[in-house]
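Here is the structure we will look at, set down as structure tokens.
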Amino acid sequence: MTAISTKAKEMRKVERIVAPPAAHWVGDGFHVHGFFPNGPLSAKRMSPFFLLDYNAKTEFPPREEPFGVGPHPHRGFETVTIAYKGKVEHHDSHGGGGVIEEGDVQWMTAGSGLLHKEFHESEYNRKGGVFHMVQLWVNLPAKDKMTAPKYQALANGAMGRVALPTGGEVEIIAGEFEGVKGPATTFTPVNMFNVRPSKGTSVELEFPSNYTTLVLAIEGSGRINGVDELKHDHLALLDKGGERFTLEATDDNATFLVLSGEPIDEPIAAYGPFLMNTQAELAQAIEDFNSGKFGYLD
């Protein structure tokens with residue numbers, strides 16, 4: 001359970017703060033800072049999270065042809081897309097799809113394999129505007145890598161919410177905070193919150209000490225444990241030496257994406273859009289994709 005702690009448990013310290021790496025394009029619609037797995041944060045250390053692409057605020061011009069990325073495959077993990085500004089249309093070869101509105105989350109289980117494509121929603125694309133997104137890859141344990149694909153469209157109104165006594169709120173996408181659960185279903189324990197304390201106030205968060213825990217400053221800046229400054233668009237990785245930490249907003253309207261999950265202690269074999277446990281499984285994924293077993297998508 002995740003809750004505001006009243007017990008004398010060990011404080012969890014900041015292990016490192018990472019500035020946003022140089023941005024790169026995914027298709028022509030996503031201009032992202034890839035915090036991991038390429039860079040100082042290893043796949044093993046970040047488990048169960050395998051990839052974090054952060055599209056910091058980017059202004060897109062109006063255009064008739066949709067910005068985005070065309071059909072591509074995935075197997076062995078889940079993709080999570082969080083929309084802060086802008087709208088995304090998704091379609092996949094397993095029948096999942098829809099529009100991710102501002103504040104919504106798409107949680108797609110690729111599992112045994114599918115094709116999908118993602119584009120800026122047509123009306124938003126024609127008008128242009130600010131685009132601000134996060135996409136995560138969440139690993140699946142070996143026993144679930146070949147599970148049937150699934151699509152969770154998580155509307156903002158369905159999120160769990162806890163009002164903070166000092167102002168602001170915690171929005172729960174997955175996991176639990178103060179007895180309130182988020183709507184996402186997960187294969188392993190994962191907590192995913194948007195934390196919005198009022199300026200000058202802090203919230204205490206608590207997770208098991210072995211969980212991989214990180215904080216991304218989506219809007220504004222903050223301070224962890226009253227001492228470590230977390231600037232806008234920067235990522236803080238917390239150590240595994242304790243359970244609890246405090247997160248303070250030092251700007252108005254600050255938003256922090258907090259992720260904490262139980263590591264999956266299994267081998268990782270990754271190649272492009274496939275995340276498996278062995279090289280043989282990767283070879284099979286490529287063969288299955290080439291033979292059309294992931295379905296078809298125009």
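In the structure tokens, the first chain shown is A, the next is B, and so on; residue numbers restart at 1 for each chain, and ligands run from 1 in the order shown.
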**Message:** Report as a PyMOL selection string all protein, DNA and RNA residues lying within 6 Å of stretch 14-27 of chain A, evaluated on only C-alpha atoms, omitting residues in the same chain fewer than 2 positions from it.
**Reply:** chain A and resi 29-33+68-69+234-239
Write out the residues from the selection above, keeping N, CA and C atoms, as a tab-separated table (two decimals), in the first residue's frame.
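As a result, selection00.tsv now contains:
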```tsv
chain	number	residue	atom	x	y	z
A	29	GLY	N	6.21	13.12	-35.37
A	29	GLY	CA	5.22	13.67	-34.46
A	29	GLY	C	5.60	13.67	-33.00
A	30	PHE	N	6.76	13.06	-32.67
A	30	PHE	CA	7.15	12.94	-31.27
A	30	PHE	C	8.63	13.34	-31.14
A	31	HIS	N	8.87	14.47	-30.49
A	31	HIS	CA	10.22	15.00	-30.32
A	31	HIS	C	10.61	14.75	-28.88
A	32	VAL	N	11.36	13.68	-28.63
A	32	VAL	CA	11.47	13.15	-27.28
A	32	VAL	C	12.88	13.19	-26.72
A	33	HIS	N	12.94	13.36	-25.39
A	33	HIS	CA	14.16	13.15	-24.63
A	33	HIS	C	14.11	11.72	-24.11
A	68	GLY	N	3.07	12.07	-36.84
A	68	GLY	CA	3.02	10.86	-36.05
A	68	GLY	C	4.01	9.82	-36.51
A	69	VAL	N	3.69	8.58	-36.20
A	69	VAL	CA	4.54	7.44	-36.58
A	69	VAL	C	3.63	6.33	-37.09
A	234	HIS	N	13.54	17.73	-15.58
A	234	HIS	CA	14.60	16.85	-15.09
A	234	HIS	C	13.98	15.63	-14.40
A	235	LEU	N	14.81	14.58	-14.31
A	235	LEU	CA	14.37	13.30	-13.72
A	235	LEU	C	15.21	12.99	-12.50
A	236	ALA	N	14.56	12.61	-11.41
A	236	ALA	CA	15.26	12.18	-10.20
A	236	ALA	C	15.05	10.68	-10.00
A	237	LEU	N	16.15	9.97	-9.81
A	237	LEU	CA	16.11	8.56	-9.45
A	237	LEU	C	16.43	8.46	-7.97
A	238	LEU	N	15.56	7.79	-7.22
A	238	LEU	CA	15.77	7.64	-5.79
A	238	LEU	C	16.45	6.30	-5.49
A	239	ASP	N	17.18	6.27	-4.39
A	239	ASP	CA	17.92	5.05	-4.07
A	239	ASP	C	16.99	4.01	-3.43
```
**Request:** Find the spatial neighbours of stretch 186-199 of chain A, counting only C-alpha atoms, within a cut-off of 8 Å - ignore same-chain residues fewer than 3 positions away - and output them as a PyMOL selection string.
**Result:** chain A and resi 140-141+144+164+166-176+202-203+248-262
Atoms to include: C-alpha atoms. Write the selected residues as a short mmCIF file (atom, residue, chain, number, x, y, z; two decimals), in the first residue's frame.
```
data_model
loop_
_atom_site.label_atom_id
_atom_site.label_comp_id
_atom_site.auth_asym_id
_atom_site.auth_seq_id
_atom_site.Cartn_x
_atom_site.Cartn_y
_atom_site.Cartn_z
CA LEU A 140 6.28 -7.95 -18.60
CA PRO A 141 7.51 -10.95 -16.60
CA ASP A 144 3.14 -12.99 -19.21
CA LEU A 164 -3.83 17.03 -0.09
CA THR A 166 -2.08 21.58 2.34
CA GLY A 167 -3.58 22.07 -1.13
CA GLY A 168 -3.19 20.31 -4.42
CA GLU A 169 -3.82 16.66 -5.18
CA VAL A 170 -2.42 13.28 -6.09
CA GLU A 171 -3.89 11.78 -9.25
CA ILE A 172 -3.55 8.00 -9.29
CA ILE A 173 -3.20 6.27 -12.68
CA ALA A 174 -1.99 2.92 -11.31
CA GLY A 175 -1.34 1.57 -7.86
CA GLU A 176 -2.67 3.04 -4.63
CA SER A 202 5.13 19.04 0.24
CA VAL A 203 3.67 15.56 0.24
CA GLU A 248 7.77 19.81 -2.50
CA ALA A 249 6.55 22.19 -5.21
CA THR A 250 8.62 25.36 -5.52
CA ASP A 251 6.54 26.77 -8.40
CA ASP A 252 2.84 27.40 -8.95
CA ASN A 253 0.92 24.69 -10.83
CA ALA A 254 3.76 22.18 -10.52
CA THR A 255 3.16 18.61 -11.72
CA PHE A 256 5.44 15.66 -10.97
CA LEU A 257 5.11 12.23 -12.53
CA VAL A 258 6.01 9.70 -9.82
CA LEU A 259 6.77 6.12 -10.86
CA SER A 260 7.52 3.25 -8.51
CA GLY A 261 7.47 -0.43 -9.39
CA GLU A 262 8.72 -3.81 -8.25
#
```
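Between A:His94 and the candidates A:Val162, A:Ala217, A:Met276, A:Ala148, the tightest atom-to-atom separation, counting only C-alpha atoms, involves A:Ala148.
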**Request:** Measuring atom to atom with only C-alpha atoms, identify which of A:Gln106, A:Ser221, A:Thr185, A:Asn38 is nearest to A:Met133.
**Result:** A:Gln106
**Request:** Skip A:Met108 itself and residues of its chain fewer than 4 positions away, then list as a VMD selection string all residues within 10 Å of it, counting only C-alpha atoms.
**Result:** chain A and resid 77 to 81 92 96 to 97 116 137 to 138 149 to 153
Just N, CA and C atoms for this one: save the residues we selected as a PDB file, in the first residue's frame.
```
ATOM      1  N   PHE A  77       5.987  -6.483 -23.818  1.00  0.00           N
ATOM      2  CA  PHE A  77       5.923  -5.416 -22.818  1.00  0.00           C
ATOM      3  C   PHE A  77       4.646  -4.612 -23.023  1.00  0.00           C
ATOM      4  N   GLU A  78       4.511  -3.528 -22.260  1.00  0.00           N
ATOM      5  CA  GLU A  78       3.362  -2.630 -22.365  1.00  0.00           C
ATOM      6  C   GLU A  78       3.848  -1.215 -22.662  1.00  0.00           C
ATOM      7  N   THR A  79       3.078  -0.481 -23.445  1.00  0.00           N
ATOM      8  CA  THR A  79       3.356   0.938 -23.655  1.00  0.00           C
ATOM      9  C   THR A  79       2.305   1.755 -22.901  1.00  0.00           C
ATOM     10  N   VAL A  80       2.780   2.815 -22.265  1.00  0.00           N
ATOM     11  CA  VAL A  80       1.892   3.716 -21.530  1.00  0.00           C
ATOM     12  C   VAL A  80       2.132   5.132 -22.050  1.00  0.00           C
ATOM     13  N   THR A  81       1.081   5.752 -22.564  1.00  0.00           N
ATOM     14  CA  THR A  81       1.183   7.114 -23.090  1.00  0.00           C
ATOM     15  C   THR A  81       0.330   8.040 -22.224  1.00  0.00           C
ATOM     16  N   ASP A  92      -4.484  -0.177 -33.446  1.00  0.00           N
ATOM     17  CA  ASP A  92      -3.615  -1.351 -33.466  1.00  0.00           C
ATOM     18  C   ASP A  92      -4.294  -2.521 -34.163  1.00  0.00           C
ATOM     19  N   GLY A  96      -7.671  -2.450 -30.870  1.00  0.00           N
ATOM     20  CA  GLY A  96      -7.647  -1.351 -29.916  1.00  0.00           C
ATOM     21  C   GLY A  96      -7.477  -0.022 -30.627  1.00  0.00           C
ATOM     22  N   GLY A  97      -7.984   1.021 -30.019  1.00  0.00           N
ATOM     23  CA  GLY A  97      -7.800   2.324 -30.636  1.00  0.00           C
ATOM     24  C   GLY A  97      -8.697   3.373 -30.030  1.00  0.00           C
ATOM     25  N   HIS A 116       0.922  -1.275 -34.185  1.00  0.00           N
ATOM     26  CA  HIS A 116       0.113  -0.103 -33.871  1.00  0.00           C
ATOM     27  C   HIS A 116       0.718   1.128 -34.527  1.00  0.00           C
ATOM     28  N   TRP A 137       7.723   2.341 -21.530  1.00  0.00           N
ATOM     29  CA  TRP A 137       7.618   0.918 -21.780  1.00  0.00           C
ATOM     30  C   TRP A 137       7.753   0.228 -20.433  1.00  0.00           C
ATOM     31  N   VAL A 138       6.753  -0.566 -20.081  1.00  0.00           N
ATOM     32  CA  VAL A 138       6.762  -1.320 -18.834  1.00  0.00           C
ATOM     33  C   VAL A 138       6.966  -2.793 -19.190  1.00  0.00           C
ATOM     34  N   PRO A 149      -2.818  -9.485 -26.431  1.00  0.00           N
ATOM     35  CA  PRO A 149      -2.797  -8.025 -26.405  1.00  0.00           C
ATOM     36  C   PRO A 149      -4.061  -7.445 -25.771  1.00  0.00           C
ATOM     37  N   LYS A 150      -3.905  -6.296 -25.157  1.00  0.00           N
ATOM     38  CA  LYS A 150      -5.017  -5.645 -24.454  1.00  0.00           C
ATOM     39  C   LYS A 150      -4.842  -4.143 -24.556  1.00  0.00           C
ATOM     40  N   TYR A 151      -5.960  -3.419 -24.480  1.00  0.00           N
ATOM     41  CA  TYR A 151      -5.927  -1.957 -24.598  1.00  0.00           C
ATOM     42  C   TYR A 151      -6.762  -1.364 -23.480  1.00  0.00           C
ATOM     43  N   GLN A 152      -6.150  -0.491 -22.666  1.00  0.00           N
ATOM     44  CA  GLN A 152      -6.872   0.227 -21.617  1.00  0.00           C
ATOM     45  C   GLN A 152      -6.895   1.717 -21.966  1.00  0.00           C
ATOM     46  N   ALA A 153      -8.089   2.237 -22.223  1.00  0.00           N
ATOM     47  CA  ALA A 153      -8.277   3.672 -22.458  1.00  0.00           C
ATOM     48  C   ALA A 153      -8.703   4.282 -21.124  1.00  0.00           C
TER      49      ALA A 153
END
```
**For A:Ile268, the nearest of the candidates A:Gly76, A:Gly39, A:Pro62, A:Gly241, counting only C-alpha atoms** =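 Among A:Gly76, A:Gly39, A:Pro62, A:Gly241, it is A:Gly76 that comes nearest to A:Ile268.
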**Request:** Using only C-alpha atoms, find the one residue out of A:Val134, A:Lys143, A:Asn125, A:Gly70 that sits nearest to A:Leu216.
**Result:** A:Val134
**Message:** What's the separation between atom CA of A:Asp298 and atom CA of A:Pro66, in Å to one decimal place?
**Reply:**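 So the two atoms, atom CA of A:Asp298 and atom CA of A:Pro66, lie 14.5 Å apart.
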**Asked** Please, what distance in Å, to one decimal, runs between atom CA of A:Pro73 and atom CA of A:Gly182?
**Response**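 Interatomic distance here is 27.9 Å.
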**Message:** I'd like the neighbourhood of A:Lys85 as a ChimeraX atom specification, where a residue qualifies if any of its atoms comes within 9 Å (using only C-alpha atoms), though same-chain residues fewer than 4 positions away should be ignored.
**Reply:** /A:57,101-103,129-133
**Message:** For the strand (DSSP E or B) assignment from backbone DSSP, which residues of stretch 193-286 of chain A qualify? Please present them as a ChimeraX atom specification.
**Reply:** /A:193-197,199,202-206,212-219,222-224,228-230,235-238,244-249,255-261,269-271,274-276
**Message:** I need the residue nearest A:Ala56 from this list: A:Met159, A:Leu115, A:Pro273, A:Glu219. Use only C-alpha atoms for the distance.
**Reply:**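 That would be A:Glu219, the residue with the smallest distance to A:Ala56.
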